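Only one structure is covered here, and it is reproduced in the block below.
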Amino acid sequence: MPEIYVPELGESVSEATVGQWLKAEGDQVKAGEPLVELETDKVNFEVEAEQDGVLESIAKGEGEEVGVGEVIGSIGEGDGAAPQEDAGPQAEAERAEQAQDEVPPEPETEEHPDPADQTNGHREDGGYRASPSVKKLAQEYDINLAEVSGSGSGGRITKDDVERLIRQQSSGGGQQEAPAKEAPKQRPDGDGQKQEQAAPAAQNGRADLEERVRLSRRRQTIASRLVEAQQTAAMLTTFNEADMGAVMEMRKRRKDEFQERHEGTRLGFMSFFTKASIGALKAFPKINSELQGNELILKRYYDIGVAVNTEQGLVVPVVRDADRKSFAEIEGTIAQLGKKARDGKLGLEDLQGGTFTITNGGIFGSLNSTPILNIPQVAILGLHKIQDRPVAVDGKVEIRPMMYLALSYDHRIVDGADAVQFLVRIKQLIEDPESLLLEG
């Protein structure tokens, strides 16, 4: 039977996590139809069927780690119909004879045999389909899969279904007594202590109010990279504020003409800050660099990363050669990358590299923050909410649209004086947007 392999995932990517099987065992599949979604550190991949047939088996369940070239399932011949739906009397008789051969004779005194004795937690006729990881979890907690109601497609039992029954039994809410083996054996590596800490939640009856959600591979990568940035870089943040009045006035005058001339592309703030960042990076080249061992790699190109929030987590697609792009090209590229990110269509080529990053927490209402470095970059610019505030202008108090700016930087590479002057330069360019034409 044709096997399903983990395909090539991209440059420098050799491992993935099985995110979600889109088909269950026994389902009919067609060539080119997505079978399973694999999660990598940066993007998700869909593995497609190479031929028509039936998903014969699933070798790797959701949440399991897999490598390139590893077998994760198989496709067999057939139309995917359940045997009991299209089999004739002869097939029914054959199955009955087979069942008699496989199941040992039962004592005459037992009128209602235990379903677990017949099925060992999963029936061979597919009535209680479950992935290998789900079966393993059920065995660890002595859960009889015949007693679990499957919430997946076709009655498939998911990991959540089993965990829900485990919580009910732990809190005394199950219909049967909790199994003698309520949890895996405690190990000397600290797992036992974690189990003891989790016990009070079950004892006070709140276990049914908790939900366990598996972290996606991307979220795990984000977490590890943020911790790595905190632990490896001497990170410091400097702040300033910019009067956004001039940019807002220019946008108001030019936005309709700009959108009409450039086929619907809107003039936003990100193109102004991208151009301003490039102008400042040219003045302070160490901020557009990367530390490799005892050498500093100064980069004379400007690939600007723009942070985008998605349901799966934060991603930073890159605007390549932003210094060579016009305002319209920058806005169009950012809009295209943002749509691909939200649709889950970003490729590795959209995310790799980047020399400097801009993140805009202001779209969510953030007034101020300290962004964390996007390693191996040595600096990141944080934008925030535009808010009317009273400021002194030529000795008078005026209400102006102000934005706080934050620059986090690696103090090992960037001196405080350079960081402060860099941010001042961005402020000057934003408050005099016509000068961006000269800097660009």
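Chain labels A, B, ... are given in the sequence in which chains occur in the structure tokens; within each chain residues are numbered consecutively from 1, and ligands are likewise numbered from 1 in the order shown.
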DSSP on the backbone: what in region 292-357 of chain A comes out alpha helix (DSSP H), as a VMD selection string? chain A and resid 327 to 342 348 to 351
Can you list, as a VMD selection string, all residues belonging to region 138-383 of chain A that DSSP tags as strand (DSSP E)? chain A and resid 235 to 243 289 to 292 295 to 298 304 to 306 308 to 310 313 to 315 318 to 319 356 to 360 379 to 383
Those residues you just picked out, can you put them in a file as a PDB file, in the first residue's frame with C-alpha atoms?
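The new file again-v7.pdb reads:
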```pdb
ATOM      1  CA  MET A 235      18.676  44.275  25.879  1.00  0.00           C
ATOM      2  CA  LEU A 236      17.831  47.877  26.702  1.00  0.00           C
ATOM      3  CA  THR A 237      15.026  50.179  25.532  1.00  0.00           C
ATOM      4  CA  THR A 238      15.043  53.915  24.894  1.00  0.00           C
ATOM      5  CA  PHE A 239      11.924  56.031  24.327  1.00  0.00           C
ATOM      6  CA  ASN A 240      10.913  59.197  22.524  1.00  0.00           C
ATOM      7  CA  GLU A 241       7.761  60.694  21.063  1.00  0.00           C
ATOM      8  CA  ALA A 242       6.862  62.064  17.649  1.00  0.00           C
ATOM      9  CA  ASP A 243       4.317  64.661  16.587  1.00  0.00           C
ATOM     10  CA  SER A 289      23.998  44.504  11.747  1.00  0.00           C
ATOM     11  CA  GLU A 290      24.317  41.008  13.201  1.00  0.00           C
ATOM     12  CA  LEU A 291      26.770  39.607  15.748  1.00  0.00           C
ATOM     13  CA  GLN A 292      28.425  36.343  14.720  1.00  0.00           C
ATOM     14  CA  GLU A 295      32.641  39.548  14.305  1.00  0.00           C
ATOM     15  CA  LEU A 296      30.015  42.165  13.542  1.00  0.00           C
ATOM     16  CA  ILE A 297      28.340  41.771  10.148  1.00  0.00           C
ATOM     17  CA  LEU A 298      27.379  45.242   8.872  1.00  0.00           C
ATOM     18  CA  ILE A 304      12.668  45.387   6.965  1.00  0.00           C
ATOM     19  CA  GLY A 305      10.552  42.931   8.968  1.00  0.00           C
ATOM     20  CA  VAL A 306       6.989  43.978   9.782  1.00  0.00           C
ATOM     21  CA  VAL A 308       1.903  40.724  11.879  1.00  0.00           C
ATOM     22  CA  ASN A 309      -0.454  39.189  14.432  1.00  0.00           C
ATOM     23  CA  THR A 310      -2.306  36.022  13.381  1.00  0.00           C
ATOM     24  CA  GLY A 313       0.855  33.701  16.742  1.00  0.00           C
ATOM     25  CA  LEU A 314       3.114  36.584  15.768  1.00  0.00           C
ATOM     26  CA  VAL A 315       4.995  36.332  12.485  1.00  0.00           C
ATOM     27  CA  VAL A 318      10.122  40.712   5.426  1.00  0.00           C
ATOM     28  CA  VAL A 319       9.947  43.593   2.932  1.00  0.00           C
ATOM     29  CA  PHE A 356      15.587  45.377  11.247  1.00  0.00           C
ATOM     30  CA  THR A 357      12.032  44.939  12.545  1.00  0.00           C
ATOM     31  CA  ILE A 358       9.101  47.306  13.117  1.00  0.00           C
ATOM     32  CA  THR A 359       6.202  46.276  15.353  1.00  0.00           C
ATOM     33  CA  ASN A 360       3.051  48.356  15.767  1.00  0.00           C
ATOM     34  CA  ALA A 379      17.329  46.393  17.305  1.00  0.00           C
ATOM     35  CA  ILE A 380      13.566  46.653  16.929  1.00  0.00           C
ATOM     36  CA  LEU A 381      11.326  49.733  16.655  1.00  0.00           C
ATOM     37  CA  GLY A 382       8.007  49.777  18.522  1.00  0.00           C
ATOM     38  CA  LEU A 383       5.165  52.053  17.371  1.00  0.00           C
TER      39      LEU A 383
END
```
Distance query Asp410 (chain A) at most 9 Å, only C-alpha atoms, self and fewer than 2 positions along chain excluded, as a ChimeraX atom specification: /A:233-237,287,373,377-379,408,412-415
Name the closest residue to Ser149 (chain A) among the candidates A:Glu163, A:Val43, A:Ala229, A:Lys340; distances are taken between atoms, counting only C-alpha atoms. A:Glu163
